[in-house]
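Shown below: my_file.cif, with mmCIF, C-alpha atoms.
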```
data_structure
loop_
_atom_site.label_atom_id
_atom_site.label_comp_id
_atom_site.auth_asym_id
_atom_site.auth_seq_id
_atom_site.Cartn_x
_atom_site.Cartn_y
_atom_site.Cartn_z
CA MET A 1 97.61 -13.44 -111.01
CA GLY A 2 94.12 -14.82 -110.51
CA LEU A 3 91.65 -14.61 -107.68
CA ILE A 4 93.10 -15.30 -104.21
CA PRO A 5 90.94 -17.53 -101.99
CA LEU A 6 90.25 -15.95 -98.63
CA ARG A 7 91.59 -19.00 -96.82
CA ALA A 8 95.05 -17.81 -97.89
CA LEU A 9 94.63 -14.93 -95.48
CA SER A 10 94.65 -17.07 -92.35
CA ALA A 11 98.40 -16.56 -91.82
CA ILE A 12 98.47 -13.04 -93.22
CA LEU A 13 95.83 -10.90 -91.56
CA ALA A 14 97.78 -10.75 -88.31
CA LEU A 15 100.51 -8.84 -90.09
CA LEU A 16 98.43 -5.70 -90.18
CA THR A 17 98.36 -5.67 -86.39
CA LEU A 18 101.94 -6.84 -85.96
CA LEU A 19 103.31 -4.14 -88.24
CA GLY A 20 100.93 -1.42 -87.10
CA LEU A 21 100.05 -0.64 -90.72
CA ASN A 22 96.96 1.13 -92.00
CA VAL A 23 97.50 0.24 -95.62
CA GLY A 24 95.44 1.38 -98.53
CA CYS A 25 94.27 4.74 -97.16
CA ALA A 26 97.29 6.94 -96.74
CA ARG A 27 98.39 7.89 -100.27
CA LEU A 28 97.09 11.30 -101.36
CA LEU A 29 97.39 13.11 -104.63
CA SER A 30 99.88 15.90 -104.67
CA PRO A 31 98.05 16.47 -107.92
CA PRO A 32 96.83 23.67 -108.67
CA MET A 33 95.11 24.95 -111.27
CA PRO A 34 97.15 25.28 -114.47
CA GLU A 35 99.47 28.28 -114.67
CA THR A 36 98.13 30.09 -111.62
CA ALA A 37 99.51 31.01 -108.23
CA THR A 38 96.06 31.51 -106.75
CA LEU A 39 94.62 28.49 -105.02
CA PRO A 40 90.87 27.90 -105.25
CA GLN A 41 88.59 28.11 -102.25
CA PRO A 42 88.53 24.92 -100.14
CA GLY A 43 85.86 22.59 -101.42
CA THR A 44 86.09 23.84 -105.02
CA LEU A 45 85.31 21.08 -107.52
CA PHE A 46 87.17 21.08 -110.82
CA LEU A 47 88.38 19.01 -113.74
CA ALA A 48 92.02 18.21 -114.42
CA ASP A 49 92.13 20.99 -117.05
CA GLY A 50 91.25 23.53 -114.34
CA ARG A 51 87.61 24.17 -115.25
CA HIS A 52 85.43 24.65 -112.18
CA VAL A 53 82.40 22.40 -111.92
CA GLU A 54 79.13 23.89 -110.70
CA SER A 55 77.04 22.02 -108.17
CA SER A 56 74.19 21.71 -110.67
CA GLU A 57 76.51 19.78 -112.98
CA LEU A 58 77.33 17.31 -110.22
CA ALA A 59 73.66 16.72 -109.39
CA ALA A 60 72.95 16.05 -113.07
CA LEU A 61 75.43 13.15 -113.09
CA VAL A 62 73.48 11.00 -110.65
CA ALA A 63 71.21 9.60 -113.35
CA SER A 64 74.12 8.35 -115.44
CA HIS A 65 76.16 6.64 -112.70
CA ASP A 66 75.69 3.54 -110.57
CA PHE A 67 78.51 4.33 -108.12
CA ILE A 68 80.00 7.67 -107.07
CA LEU A 69 83.24 7.27 -105.09
CA ILE A 70 84.43 10.21 -102.98
CA GLY A 71 87.92 9.92 -101.54
CA GLU A 72 89.15 11.39 -98.28
CA SER A 73 91.96 11.67 -95.79
CA HIS A 74 90.32 10.43 -92.60
CA ALA A 75 91.66 13.25 -90.40
CA ASN A 76 91.02 16.09 -92.86
CA ALA A 77 87.95 18.08 -91.77
CA CYS A 78 87.79 19.86 -95.14
CA ASP A 79 87.40 16.55 -96.96
CA HIS A 80 84.46 15.61 -94.76
CA GLN A 81 82.83 19.01 -95.19
CA PHE A 82 83.06 18.56 -98.95
CA GLN A 83 81.57 15.07 -98.72
CA THR A 84 78.66 16.43 -96.68
CA GLU A 85 77.98 19.20 -99.18
CA ALA A 86 78.40 16.85 -102.15
CA LEU A 87 75.90 14.38 -100.67
CA GLY A 88 73.37 17.20 -100.27
CA ILE A 89 73.95 18.32 -103.87
CA LEU A 90 73.56 14.78 -105.20
CA ALA A 91 70.31 14.43 -103.24
CA GLN A 92 68.95 17.47 -105.07
CA SER A 93 68.69 15.30 -108.18
CA GLY A 94 65.59 13.74 -106.65
CA LEU A 95 66.84 10.28 -107.69
CA PRO A 96 67.30 7.42 -105.21
CA LEU A 97 70.68 7.32 -103.46
CA ALA A 98 72.40 5.00 -101.00
CA LEU A 99 75.48 5.77 -98.92
CA GLY A 100 78.24 3.20 -98.35
CA LEU A 101 80.90 3.70 -95.67
CA GLU A 102 84.37 2.24 -95.31
CA MET A 103 84.21 3.33 -91.66
CA VAL A 104 81.53 0.86 -90.57
CA PRO A 105 81.53 -2.97 -90.80
CA TRP A 106 78.55 -4.75 -92.28
CA SER A 107 77.99 -6.42 -88.91
CA ALA A 108 76.72 -3.05 -87.61
CA GLN A 109 74.07 -2.76 -90.32
CA ALA A 110 71.19 -3.20 -87.88
CA VAL A 111 72.27 0.01 -86.12
CA LEU A 112 72.42 1.92 -89.40
CA ASP A 113 69.00 0.57 -90.40
CA ALA A 114 67.57 1.70 -87.06
CA PHE A 115 69.10 5.13 -87.60
CA TYR A 116 67.47 5.37 -91.03
CA GLN A 117 64.13 4.24 -89.65
CA GLY A 118 64.26 6.62 -86.69
CA GLY A 119 64.89 4.09 -83.92
CA VAL A 120 68.42 5.37 -83.22
CA GLU A 121 69.25 9.06 -82.88
CA LEU A 122 72.31 10.68 -84.38
CA ASN A 123 73.78 11.38 -80.93
CA GLU A 124 73.57 7.64 -80.16
CA LEU A 125 75.34 6.41 -83.28
CA GLU A 126 78.95 6.74 -82.13
CA GLU A 127 78.39 4.49 -79.13
CA LYS A 128 76.04 2.00 -80.77
CA LEU A 129 78.34 1.54 -83.78
CA GLY A 130 81.38 1.02 -81.54
CA TRP A 131 82.95 3.77 -83.62
CA GLN A 132 86.06 4.40 -81.56
CA ASP A 133 86.93 0.74 -81.25
CA TYR A 134 86.40 -0.03 -84.93
CA TRP A 135 87.36 3.15 -86.77
CA GLY A 136 89.02 5.46 -84.24
CA TYR A 137 88.99 8.67 -86.26
CA ASN A 138 87.03 11.61 -84.86
CA PHE A 139 83.30 10.91 -85.15
CA ALA A 140 82.68 14.68 -85.23
CA PHE A 141 84.11 14.72 -88.77
CA TYR A 142 81.51 12.22 -89.94
CA ARG A 143 78.53 13.40 -87.92
CA PRO A 144 77.42 16.06 -90.50
CA ILE A 145 77.61 13.44 -93.27
CA LEU A 146 75.26 11.13 -91.39
CA ALA A 147 72.98 14.05 -90.54
CA GLN A 148 72.84 14.94 -94.25
CA ALA A 149 71.97 11.35 -95.14
CA LYS A 150 69.14 11.38 -92.60
CA GLU A 151 67.84 14.74 -93.80
CA SER A 152 67.90 13.57 -97.42
CA ASP A 153 66.29 10.19 -96.61
CA ILE A 154 69.33 8.24 -97.82
CA PRO A 155 69.90 4.73 -96.42
CA VAL A 156 73.41 4.09 -95.06
CA TYR A 157 75.38 0.85 -95.35
CA GLY A 158 78.54 -0.44 -93.69
CA LEU A 159 80.93 -1.95 -96.23
CA ASN A 160 83.90 -3.17 -94.21
CA VAL A 161 84.77 -6.45 -92.49
CA PRO A 162 83.94 -6.88 -88.76
CA LYS A 163 86.99 -7.05 -86.51
CA ALA A 164 85.81 -10.13 -84.65
CA LEU A 165 85.51 -12.05 -87.91
CA LEU A 166 88.96 -10.93 -88.98
CA HIS A 167 90.39 -12.16 -85.67
CA ARG A 168 88.77 -15.58 -86.14
CA ILE A 169 90.02 -15.91 -89.70
CA ARG A 170 93.47 -14.84 -88.56
CA ALA A 171 93.56 -17.37 -85.75
CA ASP A 172 91.89 -20.38 -87.34
CA GLY A 173 91.51 -19.72 -91.05
CA LEU A 174 88.43 -19.18 -93.16
CA ASP A 175 87.45 -22.83 -92.94
CA SER A 176 86.64 -22.28 -89.26
CA ILE A 177 83.87 -19.82 -90.22
CA PRO A 178 80.61 -21.60 -91.08
CA SER A 179 79.00 -20.37 -94.29
CA GLU A 180 76.02 -18.99 -92.39
CA GLU A 181 78.37 -16.72 -90.39
CA ARG A 182 80.34 -15.32 -93.29
CA GLY A 183 77.91 -12.49 -93.92
CA LEU A 184 79.11 -10.31 -96.80
CA LEU A 185 82.63 -11.72 -97.07
CA PRO A 186 83.54 -12.02 -100.76
CA PRO A 187 84.13 -15.56 -102.05
CA ALA A 188 87.61 -14.58 -103.31
CA LEU A 189 90.04 -11.68 -103.26
CA ILE A 190 90.78 -9.76 -106.44
CA PRO A 191 94.46 -8.74 -106.64
CA PRO A 192 95.50 -5.28 -107.88
CA PRO A 193 95.74 -4.58 -111.63
CA PRO A 194 99.23 -4.76 -113.15
CA THR A 195 99.38 -0.96 -113.42
CA GLN A 196 99.06 -0.70 -109.63
CA ARG A 197 101.49 -3.41 -108.63
CA ALA A 198 104.61 -1.25 -109.11
CA MET A 199 103.16 1.45 -106.87
CA ILE A 200 102.29 -1.06 -104.14
CA GLU A 201 105.74 -2.61 -104.44
CA GLU A 202 107.31 0.81 -103.81
CA GLU A 203 105.12 1.22 -100.74
CA TYR A 204 106.14 -2.22 -99.48
CA HIS A 205 109.86 -1.44 -99.82
CA ARG A 206 109.27 1.85 -98.01
CA HIS A 207 107.75 -0.04 -95.08
CA LEU A 208 110.59 -2.57 -95.24
CA LYS A 209 113.15 0.24 -95.04
CA LEU A 210 111.41 1.98 -92.14
CA MET A 211 110.69 -1.16 -90.08
CA PRO A 212 113.12 -3.87 -91.23
CA ASP A 213 113.27 -5.87 -87.99
CA ARG A 214 109.52 -5.98 -87.38
CA THR A 215 108.83 -6.65 -91.06
CA MET A 216 111.22 -9.60 -91.30
CA GLU A 217 110.18 -10.97 -87.91
CA ALA A 218 106.57 -11.11 -89.09
CA GLY A 219 107.53 -12.89 -92.30
CA PHE A 220 106.02 -10.00 -94.24
CA ASP A 221 106.79 -10.45 -97.94
CA LEU A 222 105.69 -8.57 -101.05
CA GLU A 223 102.94 -10.95 -102.10
CA ARG A 224 101.39 -10.90 -98.63
CA PHE A 225 101.46 -7.13 -98.77
CA MET A 226 99.65 -7.31 -102.13
CA ILE A 227 96.99 -9.58 -100.61
CA ILE A 228 96.42 -7.23 -97.68
CA GLN A 229 96.02 -4.33 -100.10
CA SER A 230 93.40 -6.37 -101.97
CA LEU A 231 91.32 -7.41 -98.96
CA TRP A 232 89.58 -4.15 -98.15
CA ASP A 233 88.92 -3.11 -101.75
CA THR A 234 87.39 -6.45 -102.71
CA GLN A 235 85.28 -6.51 -99.55
CA MET A 236 83.95 -2.98 -99.99
CA ALA A 237 83.15 -3.45 -103.67
CA HIS A 238 81.39 -6.75 -102.94
CA ALA A 239 79.31 -5.26 -100.12
CA ALA A 240 78.41 -2.17 -102.17
CA ILE A 241 77.06 -4.34 -104.97
CA GLN A 242 75.11 -6.48 -102.52
CA HIS A 243 73.43 -3.45 -100.94
CA ARG A 244 72.74 -1.34 -104.01
CA GLU A 245 69.23 -1.53 -105.40
CA ALA A 246 68.77 -1.62 -109.17
CA ASP A 247 67.54 1.97 -109.44
CA GLU A 248 69.92 3.49 -106.87
CA THR A 249 73.19 5.35 -107.15
CA MET A 250 75.54 4.20 -104.41
CA VAL A 251 77.77 6.96 -103.01
CA ILE A 252 80.85 5.45 -101.37
CA LEU A 253 83.03 7.37 -98.90
CA THR A 254 86.48 5.90 -98.48
CA GLY A 255 90.19 6.67 -98.21
CA ALA A 256 91.60 8.38 -101.30
CA ALA A 257 93.92 5.49 -102.13
CA HIS A 258 90.85 3.25 -102.58
CA VAL A 259 89.66 5.59 -105.36
CA GLU A 260 92.62 7.07 -107.24
CA ASP A 261 93.62 6.01 -110.76
CA GLY A 262 90.62 3.73 -111.21
CA HIS A 263 92.24 1.19 -108.90
CA GLY A 264 91.00 0.01 -105.52
CA ILE A 265 87.25 -0.28 -105.20
CA ALA A 266 86.54 0.94 -108.74
CA TYR A 267 88.65 -1.83 -110.28
CA ARG A 268 86.89 -4.49 -108.22
CA LEU A 269 83.46 -3.07 -109.01
CA GLY A 270 84.27 -3.41 -112.69
CA LEU A 271 85.06 -7.09 -112.28
CA LEU A 272 82.26 -8.01 -109.87
CA ASP A 273 79.41 -6.06 -111.47
CA GLU A 274 78.13 -5.86 -115.03
CA ALA A 275 79.66 -2.77 -116.68
CA PRO A 276 79.07 -0.42 -113.72
CA ARG A 277 79.04 3.31 -114.42
CA ILE A 278 81.50 4.82 -111.93
CA LEU A 279 82.32 8.44 -111.09
CA SER A 280 85.30 9.32 -108.86
CA LEU A 281 85.96 12.52 -106.89
CA ILE A 282 89.52 12.88 -105.58
CA PRO A 283 90.93 15.26 -102.94
CA TRP A 284 93.72 17.52 -104.18
CA ARG A 285 96.13 19.29 -101.81
CA GLY A 286 97.73 21.69 -104.27
CA GLY A 287 100.92 21.12 -106.21
CA PRO A 288 101.37 19.67 -109.70
CA ILE A 289 98.45 19.64 -112.10
CA PRO A 290 96.34 16.50 -111.57
CA ASP A 291 96.81 13.61 -113.93
CA PRO A 292 93.47 13.30 -115.79
CA THR A 293 93.58 9.53 -115.29
CA ALA A 294 93.69 9.88 -111.49
CA GLY A 295 89.99 10.73 -111.21
CA ASP A 296 86.98 12.21 -112.94
CA PHE A 297 86.76 15.28 -110.69
CA PHE A 298 89.04 16.84 -108.09
CA PHE A 299 88.18 18.93 -105.05
CA TYR A 300 90.62 21.23 -103.33
CA CYS A 301 91.17 20.76 -99.62
CA PRO A 302 94.45 21.94 -98.06
CA GLU A 303 96.60 19.65 -96.00
CA PRO A 304 95.53 19.63 -92.32
CA PRO A 305 97.97 20.38 -89.49
CA ARG A 306 100.58 17.67 -89.20
CA ARG A 307 102.39 16.28 -86.18
CA LEU A 308 105.09 18.94 -86.59
CA GLY A 309 102.51 21.67 -86.04
CA MET A 310 102.55 23.66 -89.25
CA LEU A 311 99.95 24.48 -91.86
CA ILE A 312 101.23 24.07 -95.40
CA THR A 313 99.93 24.54 -98.91
CA TRP A 314 101.21 24.42 -102.49
CA VAL A 315 101.85 27.68 -104.37
CA ASP A 316 103.65 27.69 -107.73
CA ASP A 317 104.87 24.10 -107.22
CA GLN A 318 106.39 24.92 -103.84
CA VAL A 319 105.36 23.97 -100.31
CA VAL A 320 104.69 27.14 -98.33
CA VAL A 321 104.16 27.35 -94.57
CA THR A 322 100.92 29.29 -94.07
CA GLY A 323 100.70 28.97 -90.29
CA VAL A 324 102.52 27.64 -87.23
CA ILE A 325 100.62 26.18 -84.30
CA PRO A 326 101.58 27.67 -80.90
CA ASN A 327 103.72 25.45 -78.66
CA SER A 328 104.29 22.98 -81.51
CA LEU A 329 107.53 21.39 -82.70
CA ALA A 330 107.49 23.74 -85.68
CA GLN A 331 107.27 26.83 -83.49
CA GLU A 332 110.00 25.59 -81.14
CA ALA A 333 112.27 24.99 -84.14
CA GLY A 334 111.69 28.51 -85.44
CA LEU A 335 109.60 27.90 -88.56
CA GLN A 336 107.62 30.96 -89.68
CA PRO A 337 104.62 31.61 -91.96
CA GLY A 338 105.92 32.36 -95.43
CA ASP A 339 108.81 29.91 -95.22
CA VAL A 340 109.16 27.78 -98.36
CA LEU A 341 110.09 24.15 -97.65
CA LEU A 342 112.69 23.10 -100.20
CA ALA A 343 114.01 19.78 -98.91
CA ALA A 344 113.68 17.32 -96.06
CA ASP A 345 116.96 15.59 -95.16
CA GLU A 346 118.31 16.83 -98.51
CA THR A 347 115.49 15.19 -100.48
CA PRO A 348 113.66 17.83 -102.56
CA ILE A 349 110.04 18.16 -101.46
CA THR A 350 108.25 17.42 -104.72
CA ALA A 351 105.24 15.89 -102.97
CA LEU A 352 103.85 15.93 -99.46
CA GLU A 353 104.75 12.28 -99.08
CA VAL A 354 108.45 13.27 -99.12
CA LEU A 355 107.97 15.37 -95.99
CA HIS A 356 105.93 12.66 -94.28
CA HIS A 357 108.37 9.83 -94.95
CA ALA A 358 111.42 11.94 -94.05
CA GLY A 359 109.78 12.73 -90.71
CA VAL A 360 109.06 9.06 -90.05
CA GLN A 361 112.61 8.08 -90.95
CA ALA A 362 114.13 10.78 -88.70
CA LYS A 363 112.01 9.64 -85.77
CA THR A 364 112.97 6.00 -86.43
CA ASP A 365 116.65 7.00 -86.47
CA GLN A 366 116.15 9.08 -83.30
CA ARG A 367 117.62 12.20 -84.87
CA PRO A 368 116.36 15.65 -85.89
CA LEU A 369 114.53 16.13 -89.19
CA LEU A 370 116.53 18.67 -91.22
CA LEU A 371 114.37 21.04 -93.25
CA ARG A 372 116.00 23.26 -95.88
CA VAL A 373 113.95 26.45 -95.97
CA LEU A 374 113.85 29.50 -98.23
CA ARG A 375 113.23 32.65 -96.17
CA ASP A 376 113.58 36.23 -97.47
CA GLY A 377 115.77 35.04 -100.32
CA ASP A 378 118.14 33.03 -98.13
CA GLN A 379 118.34 29.27 -97.68
CA ILE A 380 118.65 28.05 -94.10
CA THR A 381 118.53 24.61 -92.47
CA ILE A 382 116.17 24.13 -89.52
CA PRO A 383 116.42 20.99 -87.35
CA ILE A 384 113.17 19.73 -85.87
CA THR A 385 113.52 17.33 -82.97
CA SER A 386 110.66 15.02 -82.05
CA PRO A 387 110.01 14.36 -78.33
#
```
This entry written out as C-alpha cells:
Amino acid sequence: MGLIPLRALSAILALLTLLGLNVGCARLLSPPMPETATLPQPGTLFLADGRHVESSELAALVASHDFILIGESHANACDHQFQTEALGILAQSGLPLALGLEMVPWSAQAVLDAFYQGGVELNELEEKLGWQDYWGYNFAFYRPILAQAKESDIPVYGLNVPKALLHRIRADGLDSIPSEERGLLPPALIPPPPTQRAMIEEEYHRHLKLMPDRTMEAGFDLERFMIIQSLWDTQMAHAAIQHREADETMVILTGAAHVEDGHGIAYRLGLLDEAPRILSLIPWRGGPIPDPTAGDFFFYCPEPPRRLGMLITWVDDQVVVTGVIPNSLAQEAGLQPGDVLLAADETPITALEVLHHAGVQAKTDQRPLLLRVLRDGDQITIPITSP
C-alpha cells in the first residue's frame, strides 16, 4: 500500500463526525514491575525490565535524540503531571528544545508565538486558542505544561489540522483548497505499517459490532478506517519536521496510540525525515509486564476514575478496586474497595480495554453490565445499570 493522496479523503473525513469516533488516541498499554505486587509511585519512569530511570538519565538523552514522544490519555491528570515534570527535566540539559502539541492546530500558531514572545498571557490562552471548540479536554490539565514551556523558554507549536480546513476538504475535496491556503497539510498520507494493520482491523470490527447501523449507513469500510487512522499521524509528523530547527529536540505530546510500538507518528517521522533519532515514553496503567518493543521508557500512572465511578489498579495481574466515588454507579451497585474484578459479561478482564468495551456494549444493548467480583474469597456477580 503506497502513499494515499489527500484528495481521497474528500468523501471520508465526514465519517469521523458521523460515527462520533475519536480514533487513534484511545488505546492504552495494559503493559507492573516484574515479579512484584508493589506498584511504583505515580510518575515513576522505568524500562521494560523494571529498572527505574533517574531524571538525570532522561536529561542526558536530549543530545542524542531529534524527537521525544510522550504519550498520554487526554483525561488522565497523572499523565499530564508527568509530562510537565519531564519537560522541566529535559530543559535541565541546557540544550534547545521545542514543544509540539496534538491539541492545537497549526492555524493557531500565531497565538502560540505571541505566548512565547510575551504578548499573550497564560490565562488568555484557552480562549485565544479556541481550546474548548477544537480540543475539548480540560485545559487545566495542560496549563502546567504550557507554564513549564514558558518558564524554560521553549517555543510551542501546534501540529494538528484546523477544523475549518477539514470541513472544506470534507465538503468539496482537496482540489477546492488553493495551494496558498493549505498551510502545513502533508502532500500525501502515509498508511500504517503492515504490523499495525491487524490491530487497526480489530478496532474497526469492534466499532462495526458496537454501531452496525450507523457504520453501514455511513459507508464506513475497513480501508477508509485505515485512511482516517493515517491522517492525524502523517499530519503531526509532517508539521513537527517543518517546525523543528536543525539543532533542536522536538518534544511531542500526543495520545498514547500515536506513540506505542513505533507506529503512529514515529513511523511517519522515519519515512519523512532523514534517519531521525526518536525516543518514546509510554504511559503504563499496571498489569502485564510491558513489551520492550512498545516503547523506550514507561511511566506509571494509574487509571483515572471511569464513568462507572470506581478507581482501579493492577496488582499481581488482577484488577483491584481501590476506591468508589460517592453517589456513583459503582457505589449504587455495591462495589467496594478491595474487590477484585474477574470478568465483565463473562469475559475475563485481562486488560482494561475489556472492561471499557463490555461497558459500551451493555449500554448499547440497554442492559446492566455484569461484573464478576472476588470478595473475601467468594465470587459474586454485581449488575451495574447505566442511567
query = What separation in Å, quoted to one decimal, exists between atom CA of A:Pro194 and atom CA of A:Met103?
reply = 27.4 Å
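Evaluating the PyMOL selection byres ((chain A and resi 294) around 10) against the shown model yields Leu29, Pro31, Ala48, Val259, Glu260, Asp261, Gly262, His263, Ser280, Leu281, Ile282, Pro290, Asp291, Pro292, Thr293, Gly295, Asp296, Phe297 and Phe298 of chain A.
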query = Could you spell out the hits of the PyMOL selection byres ((chain A and resi 106) around 7) on the shown file, as a list in words?
reply = Val104, Pro105, Ser107, Ala108, Gln109, Gly158, Leu159, Asn160, Val161 and Pro162 of chain A
remark   = The residue from A:Val111, A:Leu329, A:Leu342, A:Leu146 with the smallest atom-to-atom distance to A:Ala98, counting all atoms listed in the file, is A:Leu146
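Of the listed residues A:Leu45, A:Arg143, A:Phe225, A:Thr249, the one whose atoms come nearest to A:Leu90 is A:Thr249, with distances taken using all atoms listed in the file.
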key: 9 Å contact set for A:Met226, all atoms listed in the file, chain neighbours under 3 positions out, as a ChimeraX atom specification   = /A:191-192,197,200-201,204,221-223,229-231
query = Using only C-alpha atoms, which of A:Leu369, A:Ile252, A:Leu129, A:Leu279 sits nearest A:His65?
reply =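 Ranking A:Leu369, A:Ile252, A:Leu129, A:Leu279 by distance to A:His65, first place goes to A:Leu279.
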key: Cut-off 9 Å around (86.9, 19.7, -103.3) with all atoms listed in the file: residues as a list in words   =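 The answer, in the requested form, is Gln41, Pro42, Gly43, Thr44, Leu45, Phe46, Cys78, Asp79, Phe82, Gln83, Leu281, Ile282, Pro283, Trp284, Phe297, Phe298, Phe299, Tyr300 and Cys301 of chain A.
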message = Going by the chain IDs and residue numbers used in this file, which residues fall under the PyMOL selection byres ((chain A and resi 378-383) around 10)? Write them as a list in words.
response =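 So the PyMOL selection byres ((chain A and resi 378-383) around 10), applied here, picks out Ala330, Ala333, Gly334, Leu335, Asp339, Val340, Leu341, Leu342, Ala343, Ala344, Asp345, Glu346, Arg367, Pro368, Leu369, Leu370, Leu371, Arg372, Val373, Leu374, Arg375, Asp376, Gly377, Ile384, Thr385 and Ser386 of chain A.
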message = Residues within 10 Å of (80.8, 12.3, -88.6), file coordinates, counting all atoms listed in the file: what are they? Give the list as a ChimeraX atom specification.
response = /A:77,80-81,84,122,125-126,137-147
Coordinates-based distance that separates atom CA of A:Arg285 from atom CA of A:Glu303 (Å, one decimal) =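 That distance, rounded to one decimal, is 5.8 Å.
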Taking all heavy atoms as the atom set, what does stretch 125-132 of chain A look like once completed, written as an mmCIF file, in the coordinates of the input?
```
data_model
loop_
_atom_site.group_PDB
_atom_site.id
_atom_site.type_symbol
_atom_site.label_atom_id
_atom_site.label_comp_id
_atom_site.auth_asym_id
_atom_site.auth_seq_id
_atom_site.Cartn_x
_atom_site.Cartn_y
_atom_site.Cartn_z
ATOM 1 N N LEU A 125 74.678 7.248 -82.285
ATOM 2 C CA LEU A 125 75.340 6.410 -83.280
ATOM 3 C C LEU A 125 76.772 6.045 -82.907
ATOM 4 O O LEU A 125 77.194 4.893 -83.067
ATOM 5 C CB LEU A 125 75.346 7.114 -84.639
ATOM 6 C CG LEU A 125 74.203 6.789 -85.592
ATOM 7 C CD1 LEU A 125 74.417 7.492 -86.921
ATOM 8 C CD2 LEU A 125 74.060 5.293 -85.808
ATOM 9 N N GLU A 126 77.546 7.008 -82.430
ATOM 10 C CA GLU A 126 78.950 6.740 -82.130
ATOM 11 C C GLU A 126 79.096 5.568 -81.172
ATOM 12 O O GLU A 126 79.903 4.653 -81.400
ATOM 13 C CB GLU A 126 79.612 7.983 -81.552
ATOM 14 C CG GLU A 126 81.091 7.793 -81.243
ATOM 15 C CD GLU A 126 81.749 9.058 -80.728
ATOM 16 O OE1 GLU A 126 81.033 10.053 -80.481
ATOM 17 O OE2 GLU A 126 82.986 9.052 -80.574
ATOM 18 N N GLU A 127 78.298 5.568 -80.109
ATOM 19 C CA GLU A 127 78.390 4.490 -79.130
ATOM 20 C C GLU A 127 77.849 3.184 -79.673
ATOM 21 O O GLU A 127 78.484 2.130 -79.525
ATOM 22 C CB GLU A 127 77.626 4.880 -77.863
ATOM 23 C CG GLU A 127 77.658 3.803 -76.781
ATOM 24 C CD GLU A 127 76.875 4.200 -75.548
ATOM 25 O OE1 GLU A 127 76.402 5.357 -75.487
ATOM 26 O OE2 GLU A 127 76.727 3.358 -74.646
ATOM 27 N N LYS A 128 76.687 3.229 -80.317
ATOM 28 C CA LYS A 128 76.040 2.000 -80.770
ATOM 29 C C LYS A 128 76.804 1.324 -81.913
ATOM 30 O O LYS A 128 76.762 0.106 -82.077
ATOM 31 C CB LYS A 128 74.595 2.280 -81.182
ATOM 32 C CG LYS A 128 73.676 2.579 -80.007
ATOM 33 C CD LYS A 128 72.227 2.714 -80.436
ATOM 34 C CE LYS A 128 71.317 2.935 -79.236
ATOM 35 N NZ LYS A 128 71.298 1.744 -78.339
ATOM 36 N N LEU A 129 77.523 2.115 -82.707
ATOM 37 C CA LEU A 129 78.340 1.540 -83.780
ATOM 38 C C LEU A 129 79.684 1.040 -83.278
ATOM 39 O O LEU A 129 80.397 0.353 -84.009
ATOM 40 C CB LEU A 129 78.583 2.586 -84.880
ATOM 41 C CG LEU A 129 77.399 2.960 -85.767
ATOM 42 C CD1 LEU A 129 77.762 4.123 -86.677
ATOM 43 C CD2 LEU A 129 76.931 1.757 -86.597
ATOM 44 N N GLY A 130 80.041 1.365 -82.022
ATOM 45 C CA GLY A 130 81.380 1.020 -81.540
ATOM 46 C C GLY A 130 82.432 1.746 -82.359
ATOM 47 O O GLY A 130 83.478 1.182 -82.689
ATOM 48 N N TRP A 131 82.139 3.004 -82.671
ATOM 49 C CA TRP A 131 82.950 3.770 -83.620
ATOM 50 C C TRP A 131 84.419 3.856 -83.215
ATOM 51 O O TRP A 131 85.317 3.599 -84.029
ATOM 52 C CB TRP A 131 82.362 5.177 -83.759
ATOM 53 C CG TRP A 131 83.044 6.042 -84.761
ATOM 54 C CD1 TRP A 131 84.147 6.818 -84.571
ATOM 55 C CD2 TRP A 131 82.675 6.202 -86.142
ATOM 56 N NE1 TRP A 131 84.487 7.480 -85.731
ATOM 57 C CE2 TRP A 131 83.600 7.121 -86.702
ATOM 58 C CE3 TRP A 131 81.659 5.696 -86.943
ATOM 59 C CZ2 TRP A 131 83.526 7.520 -88.043
ATOM 60 C CZ3 TRP A 131 81.584 6.098 -88.274
ATOM 61 C CH2 TRP A 131 82.513 6.983 -88.809
ATOM 62 N N GLN A 132 84.674 4.211 -81.978
ATOM 63 C CA GLN A 132 86.060 4.400 -81.560
ATOM 64 C C GLN A 132 86.855 3.114 -81.593
ATOM 65 O O GLN A 132 88.034 3.111 -81.946
ATOM 66 C CB GLN A 132 86.089 5.024 -80.151
ATOM 67 C CG GLN A 132 85.631 6.470 -80.107
ATOM 68 C CD GLN A 132 86.402 7.368 -81.059
ATOM 69 O OE1 GLN A 132 87.643 7.278 -81.159
ATOM 70 N NE2 GLN A 132 85.700 8.214 -81.787
#
```
